[in-house]
file input-v3.txt (compact mmCIF, C-alpha atoms)
# COMPACT_ATOMS: atom_id res chain seq x y z
CA MET A 77 0.00 0.00 0.00
CA THR A 78 2.80 2.47 0.84
CA THR A 79 4.36 1.84 -2.55
CA THR A 80 1.23 2.97 -4.34
CA ILE A 81 0.96 6.09 -2.18
CA HIS A 82 4.53 7.27 -2.78
CA ALA A 83 4.78 6.20 -6.40
CA PRO A 84 1.84 7.73 -8.27
CA GLY A 85 3.18 6.61 -11.66
CA LYS A 86 3.27 3.02 -10.51
CA ALA A 87 -0.16 3.41 -8.91
CA ALA A 88 -1.56 4.62 -12.22
CA ALA A 89 0.02 1.66 -14.01
CA ASN A 90 -1.48 -0.72 -11.45
CA ARG A 91 -4.91 0.86 -11.88
CA SER A 92 -4.57 0.55 -15.64
CA HIS A 93 -3.61 -3.13 -15.37
CA LEU A 94 -6.50 -3.75 -12.97
CA GLY A 95 -8.91 -2.14 -15.41
CA LEU A 96 -7.65 -4.26 -18.29
CA ALA A 97 -7.88 -7.45 -16.20
CA ILE A 98 -11.48 -6.72 -15.26
CA LEU A 99 -12.26 -5.74 -18.86
CA ALA A 100 -10.93 -9.12 -19.99
CA LEU A 101 -13.19 -10.95 -17.55
CA ALA A 102 -16.16 -8.73 -18.44
CA MET A 103 -15.64 -9.52 -22.13
CA GLY A 104 -16.33 -13.16 -21.29
CA GLY A 105 -19.57 -12.08 -19.64
CA PHE A 106 -20.43 -10.10 -22.76
CA GLY A 107 -20.08 -13.18 -24.98
CA ILE A 108 -22.07 -15.30 -22.55
CA GLY A 109 -24.84 -12.70 -22.46
CA VAL A 110 -25.05 -12.62 -26.26
CA THR A 111 -25.40 -16.38 -26.66
CA GLU A 112 -27.87 -16.66 -23.77
CA PHE A 113 -30.31 -13.92 -24.77
CA ALA A 114 -29.96 -13.52 -28.55
CA MET A 115 -31.50 -16.97 -29.14
CA MET A 116 -34.80 -15.59 -27.81
CA GLY A 117 -34.93 -13.02 -30.59
CA LEU A 118 -34.04 -15.56 -33.28
CA LEU A 119 -36.48 -18.34 -32.39
CA LYS A 120 -38.53 -17.93 -35.59
CA GLU A 121 -35.40 -18.21 -37.73
CA VAL A 122 -34.23 -21.24 -35.72
CA GLU A 123 -37.63 -22.92 -36.20
CA LEU A 124 -37.46 -22.46 -39.97
CA GLY A 125 -33.81 -23.47 -40.19
CA LEU A 126 -34.22 -26.70 -38.24
CA ASN A 127 -37.81 -27.36 -39.37
CA ILE A 128 -39.12 -27.55 -35.81
CA GLY A 129 -42.02 -26.02 -33.87
CA THR A 130 -41.94 -23.26 -31.27
CA PRO A 131 -41.95 -25.62 -28.25
CA GLU A 132 -38.94 -27.50 -29.64
CA ALA A 133 -37.13 -24.23 -30.29
CA GLY A 134 -37.87 -23.19 -26.73
CA HIS A 135 -36.25 -26.39 -25.54
CA LEU A 136 -32.96 -25.16 -27.00
CA ILE A 137 -33.08 -22.26 -24.55
CA SER A 138 -34.03 -24.61 -21.72
CA ALA A 139 -31.12 -26.90 -22.64
CA TYR A 140 -28.70 -23.99 -22.24
CA ALA A 141 -30.18 -23.07 -18.85
CA LEU A 142 -29.94 -26.71 -17.74
CA GLY A 143 -26.29 -26.72 -18.79
CA VAL A 144 -25.69 -23.70 -16.56
CA VAL A 145 -27.34 -25.34 -13.55
CA VAL A 146 -25.38 -28.59 -14.02
CA GLY A 147 -22.07 -27.08 -15.05
CA ALA A 148 -21.77 -24.32 -12.44
CA PRO A 149 -21.10 -26.53 -9.42
CA ALA A 150 -19.58 -29.45 -11.34
CA LEU A 151 -16.90 -27.56 -13.29
CA ALA A 152 -16.11 -25.20 -10.40
CA ALA A 153 -15.47 -28.20 -8.13
CA VAL A 154 -13.47 -30.14 -10.72
CA GLY A 155 -11.31 -27.09 -11.44
CA ALA A 156 -10.66 -26.34 -7.76
CA LYS A 157 -7.00 -27.39 -7.89
CA LEU A 158 -6.23 -25.37 -11.00
CA PRO A 159 -4.80 -21.83 -10.86
CA ARG A 160 -7.75 -19.47 -11.31
CA LYS A 161 -6.39 -17.91 -14.49
CA HIS A 162 -5.95 -21.33 -16.07
CA LEU A 163 -9.46 -22.35 -15.02
CA ALA A 164 -10.91 -19.18 -16.59
CA LEU A 165 -8.97 -19.85 -19.80
CA GLY A 166 -10.15 -23.47 -19.94
CA LEU A 167 -13.77 -22.54 -19.35
CA MET A 168 -13.71 -19.86 -22.03
CA LEU A 169 -12.08 -22.25 -24.52
CA PHE A 170 -14.82 -24.79 -23.74
CA PHE A 171 -17.44 -22.07 -24.25
CA SER A 172 -15.96 -20.97 -27.60
CA VAL A 173 -15.73 -24.50 -29.01
CA ALA A 174 -19.26 -25.39 -27.87
CA ASN A 175 -20.71 -22.33 -29.62
CA LEU A 176 -18.79 -23.02 -32.81
CA THR A 177 -20.18 -26.57 -32.62
CA SER A 178 -23.68 -25.06 -32.59
CA PHE A 179 -22.79 -23.34 -35.86
CA ILE A 180 -22.20 -26.67 -37.59
CA ALA A 181 -24.93 -28.68 -35.82
CA ALA A 182 -26.70 -30.55 -38.60
CA ASP A 183 -30.03 -31.30 -36.92
CA TYR A 184 -32.21 -30.58 -33.91
CA THR A 185 -30.69 -33.28 -31.70
CA SER A 186 -27.10 -32.18 -32.26
CA MET A 187 -28.15 -28.56 -31.72
CA LEU A 188 -29.83 -29.51 -28.44
CA VAL A 189 -26.64 -31.22 -27.26
CA SER A 190 -24.44 -28.31 -28.32
CA ARG A 191 -26.64 -25.76 -26.52
CA PHE A 192 -26.48 -27.83 -23.34
CA ALA A 193 -22.69 -28.00 -23.71
CA ALA A 194 -22.46 -24.23 -24.29
CA GLY A 195 -24.28 -23.63 -21.00
CA LEU A 196 -21.95 -25.82 -18.93
CA PRO A 197 -19.10 -23.28 -18.45
CA HIS A 198 -21.43 -20.27 -17.98
CA GLY A 199 -21.81 -20.29 -14.19
CA ALA A 200 -18.34 -21.64 -13.46
CA PHE A 201 -16.75 -18.88 -15.56
CA PHE A 202 -18.69 -16.13 -13.81
CA GLY A 203 -17.83 -17.76 -10.50
CA VAL A 204 -14.08 -17.85 -11.03
CA ALA A 205 -14.13 -14.43 -12.76
CA ALA A 206 -15.84 -12.92 -9.71
CA VAL A 207 -13.28 -14.52 -7.39
CA ILE A 208 -10.38 -13.22 -9.50
CA ALA A 209 -11.84 -9.71 -9.68
CA ALA A 210 -12.53 -9.62 -5.94
CA SER A 211 -8.96 -10.77 -5.21
CA LEU A 212 -7.48 -7.90 -7.24
CA VAL A 213 -9.01 -5.12 -5.11
CA ALA A 214 -9.29 -4.16 -1.46
CA PRO A 215 -12.02 -5.98 0.52
CA THR A 216 -14.05 -2.77 0.62
CA LYS A 217 -14.24 -2.73 -3.19
CA ARG A 218 -15.22 -6.34 -3.87
CA GLY A 219 -18.81 -5.47 -4.74
CA TRP A 220 -17.61 -2.92 -7.29
CA ALA A 221 -15.16 -5.38 -8.87
CA ILE A 222 -17.81 -8.10 -9.12
CA SER A 223 -20.31 -5.67 -10.61
CA MET A 224 -17.77 -4.69 -13.28
CA VAL A 225 -17.39 -8.33 -14.31
CA MET A 226 -21.17 -8.68 -14.39
CA ALA A 227 -21.37 -5.49 -16.47
CA GLY A 228 -20.33 -7.57 -19.48
CA LEU A 229 -23.57 -9.54 -19.18
CA THR A 230 -25.73 -6.45 -18.79
CA VAL A 231 -24.03 -4.47 -21.58
CA ALA A 232 -24.62 -7.47 -23.85
CA ASN A 233 -28.34 -6.82 -23.53
CA VAL A 234 -27.89 -3.25 -24.74
CA ILE A 235 -25.38 -3.73 -27.56
CA GLY A 236 -24.53 -7.35 -28.24
CA VAL A 237 -27.99 -8.93 -28.26
CA PRO A 238 -29.60 -6.35 -30.60
CA PHE A 239 -26.61 -6.60 -32.97
CA ALA A 240 -26.59 -10.41 -32.90
CA THR A 241 -30.34 -10.46 -33.53
CA TRP A 242 -29.95 -8.14 -36.52
CA LEU A 243 -27.02 -10.19 -37.80
CA GLY A 244 -28.97 -13.43 -37.51
CA GLN A 245 -32.11 -12.05 -39.10
CA THR A 246 -30.20 -10.44 -41.97
CA PHE A 247 -27.47 -12.94 -42.81
CA GLY A 248 -28.54 -16.19 -41.16
CA TRP A 249 -29.22 -17.21 -37.58
CA ARG A 250 -26.21 -19.55 -37.36
CA LEU A 251 -23.86 -16.56 -37.57
CA LEU A 252 -24.85 -15.86 -33.96
CA PHE A 253 -22.61 -18.74 -32.92
CA VAL A 254 -19.71 -17.55 -35.07
CA LEU A 255 -19.95 -14.14 -33.43
CA VAL A 256 -20.03 -15.66 -29.94
CA GLY A 257 -17.16 -18.02 -30.74
CA ALA A 258 -15.10 -15.05 -31.91
CA LEU A 259 -15.93 -13.14 -28.71
CA GLY A 260 -14.84 -16.17 -26.71
CA LEU A 261 -11.50 -16.35 -28.52
CA LEU A 262 -10.98 -12.61 -28.01
CA THR A 263 -11.67 -13.12 -24.30
CA LEU A 264 -9.09 -15.90 -24.22
CA ALA A 265 -6.45 -13.56 -25.61
CA LEU A 266 -7.35 -10.76 -23.18
CA ILE A 267 -7.33 -13.03 -20.13
CA TRP A 268 -4.00 -14.53 -21.18
CA LYS A 269 -2.50 -11.06 -21.60
CA PHE A 270 -3.93 -9.06 -18.70
CA VAL A 271 -5.20 -11.30 -15.88
CA PRO A 272 -2.41 -11.97 -13.36
CA PHE A 273 -1.44 -15.52 -12.47
CA GLN A 274 -2.55 -16.74 -9.05
CA LYS A 275 -1.51 -20.07 -7.61
CA ALA A 276 -4.26 -22.43 -6.54
CA HIS A 277 -4.87 -22.57 -2.79
CA ALA A 278 -2.57 -25.13 -1.19
CA ASP A 279 -5.53 -26.96 0.35
CA ALA A 280 -7.75 -26.71 -2.72
CA SER A 281 -9.64 -29.87 -3.62
CA ILE A 282 -12.97 -31.05 -4.94
CA ARG A 283 -13.97 -32.07 -1.41
CA ARG A 284 -13.08 -28.62 -0.07
CA GLU A 285 -15.16 -26.88 -2.74
CA LEU A 286 -18.13 -29.21 -2.26
CA GLY A 287 -17.92 -28.47 1.45
CA ALA A 288 -19.67 -25.19 0.65
CA LEU A 289 -22.85 -27.18 0.08
CA LYS A 290 -22.89 -28.16 3.75
CA ARG A 291 -23.41 -24.58 4.89
CA ALA A 292 -26.93 -23.34 5.58
CA GLN A 293 -26.02 -19.76 4.67
CA VAL A 294 -24.91 -20.85 1.19
CA TRP A 295 -28.28 -22.49 0.57
CA LEU A 296 -30.15 -19.50 1.98
CA ALA A 297 -28.25 -17.17 -0.36
CA ILE A 298 -29.10 -19.48 -3.27
CA MET A 299 -32.78 -19.43 -2.24
CA ILE A 300 -32.75 -15.62 -2.07
CA GLY A 301 -31.59 -15.61 -5.68
CA ILE A 302 -34.06 -18.26 -6.87
CA VAL A 303 -37.13 -16.81 -5.16
CA GLY A 304 -36.31 -13.11 -4.96
CA PHE A 305 -35.00 -12.83 -8.52
CA GLY A 306 -37.74 -15.01 -10.00
CA GLY A 307 -39.97 -11.98 -10.31
CA PHE A 308 -37.44 -10.24 -12.52
CA PHE A 309 -37.66 -13.10 -15.03
CA ALA A 310 -41.42 -13.50 -14.68
CA THR A 311 -41.72 -9.96 -16.00
CA TYR A 312 -38.90 -10.04 -18.58
CA THR A 313 -40.06 -13.28 -20.22
CA TYR A 314 -43.42 -11.79 -21.24
CA ILE A 315 -42.33 -8.21 -21.80
CA ALA A 316 -43.00 -8.33 -25.56
CA HIS A 317 -46.60 -9.46 -25.07
CA THR A 318 -47.15 -6.93 -22.28
CA MET A 319 -45.79 -4.01 -24.28
CA THR A 320 -47.78 -4.78 -27.42
CA SER A 321 -51.03 -6.08 -25.93
CA VAL A 322 -51.34 -3.89 -22.82
CA ALA A 323 -49.33 -0.73 -23.50
CA GLY A 324 -50.27 -0.72 -27.18
CA ILE A 325 -46.69 -0.20 -28.32
CA PRO A 326 -46.03 -1.26 -31.96
CA SER A 327 -43.87 -4.37 -32.29
CA ALA A 328 -41.35 -2.31 -34.27
CA PHE A 329 -40.46 -0.56 -30.97
CA LEU A 330 -39.67 -3.81 -29.14
CA PRO A 331 -35.90 -3.61 -29.82
CA PHE A 332 -35.97 -0.18 -28.16
CA VAL A 333 -37.89 -1.62 -25.20
CA VAL A 334 -35.38 -4.45 -24.78
CA ALA A 335 -32.47 -2.01 -25.04
CA LEU A 336 -34.11 0.23 -22.42
CA TYR A 337 -34.45 -2.75 -20.12
CA GLY A 338 -30.78 -3.53 -20.74
CA LEU A 339 -29.74 0.04 -19.92
CA GLY A 340 -31.60 -0.29 -16.65
CA MET A 341 -29.70 -3.50 -15.95
CA VAL A 342 -26.37 -1.77 -16.60
CA ALA A 343 -27.23 1.13 -14.28
CA GLY A 344 -28.59 -1.17 -11.58
CA ASN A 345 -25.57 -3.43 -11.71
CA ILE A 346 -23.17 -0.50 -11.21
CA VAL A 347 -25.20 1.00 -8.35
CA GLY A 348 -25.69 -2.43 -6.80
CA GLY A 349 -21.95 -3.02 -6.71
CA ARG A 350 -21.34 0.31 -4.97
CA ILE A 351 -23.97 -0.17 -2.27
CA ALA A 352 -22.95 -3.81 -1.72
CA ASP A 353 -19.51 -2.54 -0.71
CA LYS A 354 -21.17 -0.59 2.10
CA SER A 355 -23.42 -3.42 3.35
CA VAL A 356 -24.12 -6.72 1.61
CA MET A 357 -27.14 -7.74 3.67
CA GLY A 358 -28.31 -4.15 3.89
CA THR A 359 -28.38 -4.07 0.09
CA ILE A 360 -30.38 -7.30 -0.07
CA TYR A 361 -32.83 -6.07 2.58
CA SER A 362 -33.47 -2.83 0.70
CA VAL A 363 -33.42 -4.06 -2.91
CA LEU A 364 -35.95 -6.90 -2.53
CA PRO A 365 -38.74 -4.57 -1.30
CA GLY A 366 -37.70 -2.20 -4.07
CA ILE A 367 -38.24 -4.95 -6.62
CA ALA A 368 -41.68 -5.70 -5.18
CA VAL A 369 -42.75 -2.04 -5.30
CA ALA A 370 -41.33 -1.52 -8.80
CA LEU A 371 -43.22 -4.54 -10.17
CA VAL A 372 -46.53 -3.41 -8.65
CA VAL A 373 -46.05 0.08 -10.12
CA TYR A 374 -45.06 -1.52 -13.44
CA ALA A 375 -48.33 -3.51 -13.48
CA VAL A 376 -50.25 -0.22 -13.29
CA ALA A 377 -47.98 1.99 -15.41
CA VAL A 378 -47.81 -0.47 -18.30
CA HIS A 379 -51.28 0.56 -19.45
CA TRP A 380 -49.82 3.77 -20.93
CA PRO A 381 -46.86 3.79 -23.37
CA TRP A 382 -44.69 6.51 -21.83
CA SER A 383 -45.07 5.32 -18.24
CA ALA A 384 -44.43 1.79 -19.51
CA PHE A 385 -41.11 2.94 -21.00
CA VAL A 386 -40.09 4.51 -17.68
CA MET A 387 -40.96 1.45 -15.64
CA VAL A 388 -39.20 -0.92 -18.05
CA PHE A 389 -35.97 0.94 -17.24
CA VAL A 390 -36.76 1.04 -13.50
CA VAL A 391 -37.56 -2.69 -13.26
CA GLY A 392 -34.35 -3.56 -15.11
CA ALA A 393 -32.33 -1.30 -12.81
CA VAL A 394 -33.82 -2.35 -9.48
CA GLY A 395 -33.65 -6.05 -10.29
CA SER A 396 -29.99 -5.92 -11.31
CA MET A 397 -29.00 -4.17 -8.10
CA LEU A 398 -29.44 -7.49 -6.32
CA VAL A 399 -26.86 -9.52 -8.27
CA PRO A 400 -23.53 -8.10 -6.93
CA ALA A 401 -24.78 -8.39 -3.35
CA LEU A 402 -25.83 -12.01 -3.84
CA GLN A 403 -22.47 -12.82 -5.43
CA THR A 404 -20.61 -11.20 -2.53
CA ARG A 405 -22.84 -12.91 0.03
CA LEU A 406 -21.97 -16.32 -1.38
CA LEU A 407 -18.26 -15.48 -1.21
CA ASP A 408 -18.67 -14.41 2.42
CA ALA A 409 -20.65 -17.54 3.28
CA SER A 410 -17.96 -19.88 1.95
CA PRO A 411 -14.53 -18.21 1.96
CA ASP A 412 -12.69 -21.53 1.70
CA ALA A 413 -14.61 -22.62 -1.42
CA PRO A 414 -15.01 -19.34 -3.32
CA SER A 415 -15.18 -20.63 -6.89
CA LEU A 416 -18.00 -23.08 -6.26
CA ALA A 417 -19.94 -20.73 -3.99
CA SER A 418 -19.65 -17.87 -6.47
CA SER A 419 -20.67 -20.03 -9.44
CA LEU A 420 -23.79 -21.19 -7.60
CA ASN A 421 -25.19 -17.66 -7.93
CA HIS A 422 -25.56 -18.15 -11.67
CA ALA A 423 -27.08 -21.60 -11.24
CA ALA A 424 -29.59 -19.97 -8.87
CA LEU A 425 -30.39 -17.19 -11.34
CA ASN A 426 -31.07 -19.72 -14.10
CA VAL A 427 -33.41 -21.63 -11.81
CA ALA A 428 -35.04 -18.26 -11.06
CA ASN A 429 -35.40 -17.78 -14.82
CA ALA A 430 -37.24 -21.09 -15.15
CA LEU A 431 -39.37 -20.47 -12.04
CA GLY A 432 -40.35 -16.95 -13.04
CA ALA A 433 -41.20 -17.92 -16.61
CA PHE A 434 -43.24 -20.91 -15.42
CA LEU A 435 -45.27 -19.01 -12.83
CA GLY A 436 -45.78 -16.07 -15.18
CA GLY A 437 -47.04 -18.39 -17.91
CA LEU A 438 -49.30 -20.13 -15.41
CA VAL A 439 -51.20 -16.99 -14.41
CA ILE A 440 -51.50 -15.95 -18.06
CA ALA A 441 -52.95 -19.38 -18.87
CA TRP A 442 -55.45 -18.89 -16.04
CA GLY A 443 -56.69 -15.78 -17.84
CA TRP A 444 -55.33 -13.18 -15.44
CA GLY A 445 -53.74 -11.13 -18.23
CA TYR A 446 -50.24 -10.05 -19.16
CA VAL A 447 -49.77 -7.78 -16.14
CA ALA A 448 -50.23 -10.73 -13.77
CA PRO A 449 -46.63 -12.00 -14.08
CA ALA A 450 -45.39 -8.70 -12.62
CA LEU A 451 -47.68 -9.13 -9.62
CA VAL A 452 -46.47 -12.71 -9.20
CA GLY A 453 -42.96 -11.30 -9.31
CA ALA A 454 -43.77 -8.84 -6.53
CA VAL A 455 -44.93 -11.73 -4.34
CA LEU A 456 -41.73 -13.65 -5.12
CA ALA A 457 -39.62 -10.64 -4.14
CA VAL A 458 -41.41 -10.44 -0.77
CA LEU A 459 -40.85 -14.16 -0.23
CA GLY A 460 -37.19 -13.67 -1.11
CA LEU A 461 -37.02 -10.93 1.53
CA GLY A 462 -38.38 -13.42 4.03
CA VAL A 463 -35.54 -15.82 3.19
CA ALA A 464 -33.04 -12.95 3.56
CA VAL A 465 -34.40 -12.04 6.99
CA LEU A 466 -34.11 -15.67 8.05
CA SER A 467 -30.49 -15.66 6.85
CA GLY A 468 -29.77 -12.52 8.83
CA LEU A 469 -31.33 -13.91 12.02
CA LEU A 470 -29.30 -17.09 11.67
CA GLU A 471 -26.14 -15.04 11.22
CA ARG A 472 -26.76 -13.27 14.52
CA LYS A 473 -26.70 -16.60 16.31
CA ARG A 474 -23.85 -18.04 14.24
CA PRO A 475 -21.68 -15.38 12.55
CA LEU A 476 -20.02 -16.18 9.23
CA ALA A 477 -16.46 -17.42 9.32
CA PRO A 478 -13.95 -14.59 8.66
call {"tool": "encode", "arguments": {"input": "input-v3.txt", "output": "structure tokens"}}
result
Amino acid sequence: MTTTIHAPGKAAANRSHLGLAILALAMGGFGIGVTEFAMMGLLKEVELGLNIGTPEAGHLISAYALGVVVGAPALAAVGAKLPRKHLALGLMLFFSVANLTSFIAADYTSMLVSRFAAGLPHGAFFGVAAVIAASLVAPTKRGWAISMVMAGLTVANVIGVPFATWLGQTFGWRLLFVLVGALGLLTLALIWKFVPFQKAHADASIRRELGALKRAQVWLAIMIGIVGFGGFFATYTYIAHTMTSVAGIPSAFLPFVVALYGLGMVAGNIVGGRIADKSVMGTIYSVLPGIAVALVVYAVAVHWPWSAFVMVFVVGAVGSMLVPALQTRLLDASPDAPSLASSLNHAALNVANALGAFLGGLVIAWGWGYVAPALVGAVLAVLGLGVAVLSGLLERKRPLAP
């Protein structure tokens, strides 16, 4: 620390290197965000290209999410004994090859397998990237560092996904996977160049990493993500139908709506990282009620176009504030198994995706209308707050290990 104080030139160089290291990790998040979300905008093209129906095309998205849930804990545990930089490189190489395999998949079955494979490194990469980023900064800036890595995922929704959708619609949907493969290879080069080498922990092992699953606080943090964040996805999944059928917005404006939602996610992620550095549980306690209120207001405001636009941004922002705090909470709950604990956040968010979409679709099928998923989401956020309160009460009796 004294060196950086008395040598401003060196301090500036260190800050520059830190920024490039985090940019390299965030670039991986950008590529992951593109492949995860752009498929939703290209489903019609995928259906025609593979000669399948909408449900089968939807299964390709589900296969990716299942890959995330399976791969996050499995690959993080298996890679426990590897140096973190090497693990990140291996996961990104896996991700790149799997997406390029999707490009050449000849039929529906091979595409289904390749999408599952592409999802496997998703959570484990974000997990190890968050651990690396947090290790490069002071403990009081971990939330910020994690949010910067996650910024790649949120920025993808503003820039990468719209571009990939246009590219796929204009020149062929399979080019999505070429684009993502190229982003993965670029990430490989950036990580190799700018992320510092860190030796694996001397006691690292698969058993040590899996030990995180024995801790109640780890499971409570996972449940906060699954339940509390489910409302975010319940709303996002049906946003196109809500905007066109309830707000009366022309379908031609939907790319703008999605981009607005993505801008909200970017802003919320940055703010969430800052406030998580001040108080992790305080952030969770305040954001979950904020999500509930925002979704109730959204359900009312969506009946008018301009208020709908405002609330689309607000919902995206408030929901994304939760992610850095959850990531940091998992690191705090399992300091001796950081890669696995951190990767579980992304497994939890993908389960939240499935839960929110399922419950939102259920109330629509019951005839409650397209605003009902937002109200379901508000209830989920309140339930998530209940889990967070339980976690906090348990921590008072049994503080987390330092």
call {"tool": "closest_residue", "arguments": {"input": "input-v3.txt", "among": "A:Ile208, A:Val347, A:Leu261, A:Met226", "to": "Phe170 in chain A", "atoms": "all atoms listed in the file"}}
result
A:Leu261
call {"tool": "closest_residue", "arguments": {"input": "input-v3.txt", "among": "A:Gly95, A:Gly105, A:Gly134, A:Gly244", "to": "Val213 in chain A", "atoms": "only C-alpha atoms"}}
result
A:Gly95
call {"tool": "residues_near_point", "arguments": {"input": "input-v3.txt", "point": "(-18.8, -11.8, -33.7)", "cutoff": "10 Å", "atoms": "all atoms listed in the file", "output": "list of chain:residue names"}}
result
A:Gly107, A:Val110, A:Gly236, A:Phe239, A:Ala240, A:Leu243, A:Leu251, A:Leu252, A:Phe253, A:Val254, A:Leu255, A:Val256, A:Gly257, A:Ala258, A:Leu259, A:Gly260, A:Leu262
call {"tool": "closest_residue", "arguments": {"input": "input-v3.txt", "among": "A:Ile360, A:Leu459, A:Val372, A:Leu336", "to": "Asn233 in chain A", "atoms": "all atoms listed in the file"}}
result
A:Leu336
call {"tool": "residues_around", "arguments": {"input": "input-v3.txt", "residues": "range 145-150 of chain A", "least_positions_apart": "6", "cutoff": "10 Å", "atoms": "all atoms listed in the file", "output": "JSON list (two decimals) with C-alpha atoms, in the frame of the given file"}}
result
[["chain", "number", "residue", "atom", "x", "y", "z"],
["A", 139, "ALA", "CA", -31.12, -26.90, -22.64],
["A", 192, "PHE", "CA", -26.48, -27.83, -23.34],
["A", 193, "ALA", "CA", -22.69, -28.00, -23.71],
["A", 194, "ALA", "CA", -22.46, -24.23, -24.29],
["A", 195, "GLY", "CA", -24.28, -23.63, -21.00],
["A", 196, "LEU", "CA", -21.95, -25.82, -18.93],
["A", 197, "PRO", "CA", -19.10, -23.28, -18.45],
["A", 198, "HIS", "CA", -21.43, -20.27, -17.98],
["A", 199, "GLY", "CA", -21.81, -20.29, -14.19],
["A", 200, "ALA", "CA", -18.34, -21.64, -13.46],
["A", 201, "PHE", "CA", -16.75, -18.88, -15.56],
["A", 202, "PHE", "CA", -18.69, -16.13, -13.81],
["A", 203, "GLY", "CA", -17.83, -17.76, -10.50],
["A", 282, "ILE", "CA", -12.97, -31.05, -4.94],
["A", 285, "GLU", "CA", -15.16, -26.88, -2.74],
["A", 286, "LEU", "CA", -18.13, -29.21, -2.26],
["A", 289, "LEU", "CA", -22.85, -27.18, 0.08],
["A", 415, "SER", "CA", -15.18, -20.63, -6.89],
["A", 416, "LEU", "CA", -18.00, -23.08, -6.26],
["A", 417, "ALA", "CA", -19.94, -20.73, -3.99],
["A", 418, "SER", "CA", -19.65, -17.87, -6.47],
["A", 419, "SER", "CA", -20.67, -20.03, -9.44],
["A", 420, "LEU", "CA", -23.79, -21.19, -7.60],
["A", 421, "ASN", "CA", -25.19, -17.66, -7.93],
["A", 422, "HIS", "CA", -25.56, -18.15, -11.67],
["A", 423, "ALA", "CA", -27.08, -21.60, -11.24],
["A", 424, "ALA", "CA", -29.59, -19.97, -8.87],
["A", 425, "LEU", "CA", -30.39, -17.19, -11.34],
["A", 426, "ASN", "CA", -31.07, -19.72, -14.10],
["A", 427, "VAL", "CA", -33.41, -21.63, -11.81]]
call {"tool": "closest_residue", "arguments": {"input": "input-v3.txt", "among": "A:Ala102, A:Val207, A:His93, A:Ala343", "to": "Pro272 in chain A", "atoms": "all atoms listed in the file"}}
result
A:His93
call {"tool": "residues_around", "arguments": {"input": "input-v3.txt", "residues": "range 295-300 of chain A", "least_positions_apart": "5", "cutoff": "7 Å", "atoms": "all atoms listed in the file", "output": "mmCIF file with C-alpha atoms, keeping the file's coordinate frame"}}
result
data_model
loop_
_atom_site.group_PDB
_atom_site.id
_atom_site.type_symbol
_atom_site.label_atom_id
_atom_site.label_comp_id
_atom_site.auth_asym_id
_atom_site.auth_seq_id
_atom_site.Cartn_x
_atom_site.Cartn_y
_atom_site.Cartn_z
ATOM 1 C CA LEU A 402 -25.830 -12.010 -3.840
ATOM 2 C CA ARG A 405 -22.840 -12.910 0.030
ATOM 3 C CA LEU A 406 -21.970 -16.320 -1.380
ATOM 4 C CA ASN A 421 -25.190 -17.660 -7.930
ATOM 5 C CA ALA A 424 -29.590 -19.970 -8.870
ATOM 6 C CA GLY A 460 -37.190 -13.670 -1.110
ATOM 7 C CA VAL A 463 -35.540 -15.820 3.190
ATOM 8 C CA ALA A 464 -33.040 -12.950 3.560
ATOM 9 C CA SER A 467 -30.490 -15.660 6.850
#
call {"tool": "residues_around", "arguments": {"input": "input-v3.txt", "residues": "Ser396 in chain A", "least_positions_apart": "4", "cutoff": "9 Å", "atoms": "all atoms listed in the file", "output": "MDAnalysis selection string"}}
result
chainID A and resid 230 305 308 340:348 391:392 400
call {"tool": "closest_residue", "arguments": {"input": "input-v3.txt", "among": "A:Leu466, A:Ala401, A:Ala377, A:Ile351", "to": "Ala206 in chain A", "atoms": "all atoms listed in the file"}}
result
A:Ala401
call {"tool": "closest_residue", "arguments": {"input": "input-v3.txt", "among": "A:Gln403, A:Asn429, A:Ser410, A:Ser362", "to": "Leu461 in chain A", "atoms": "only C-alpha atoms"}}
result
A:Ser362
call {"tool": "residues_around", "arguments": {"input": "input-v3.txt", "residues": "Val376 in chain A", "least_positions_apart": "3", "cutoff": "12 Å", "atoms": "all atoms listed in the file", "output": "PDB file with C-alpha atoms, keeping the file's coordinate frame"}}
result
ATOM      1  CA  THR A 318     -47.150  -6.930 -22.280  1.00  0.00           C
ATOM      2  CA  VAL A 322     -51.340  -3.890 -22.820  1.00  0.00           C
ATOM      3  CA  ALA A 323     -49.330  -0.730 -23.500  1.00  0.00           C
ATOM      4  CA  VAL A 369     -42.750  -2.040  -5.300  1.00  0.00           C
ATOM      5  CA  ALA A 370     -41.330  -1.520  -8.800  1.00  0.00           C
ATOM      6  CA  LEU A 371     -43.220  -4.540 -10.170  1.00  0.00           C
ATOM      7  CA  VAL A 372     -46.530  -3.410  -8.650  1.00  0.00           C
ATOM      8  CA  VAL A 373     -46.050   0.080 -10.120  1.00  0.00           C
ATOM      9  CA  HIS A 379     -51.280   0.560 -19.450  1.00  0.00           C
ATOM     10  CA  TRP A 380     -49.820   3.770 -20.930  1.00  0.00           C
ATOM     11  CA  PRO A 381     -46.860   3.790 -23.370  1.00  0.00           C
ATOM     12  CA  SER A 383     -45.070   5.320 -18.240  1.00  0.00           C
ATOM     13  CA  ALA A 384     -44.430   1.790 -19.510  1.00  0.00           C
ATOM     14  CA  MET A 387     -40.960   1.450 -15.640  1.00  0.00           C
ATOM     15  CA  TYR A 446     -50.240 -10.050 -19.160  1.00  0.00           C
ATOM     16  CA  VAL A 447     -49.770  -7.780 -16.140  1.00  0.00           C
ATOM     17  CA  ALA A 448     -50.230 -10.730 -13.770  1.00  0.00           C
ATOM     18  CA  ALA A 450     -45.390  -8.700 -12.620  1.00  0.00           C
ATOM     19  CA  LEU A 451     -47.680  -9.130  -9.620  1.00  0.00           C
TER      20      LEU A 451
END
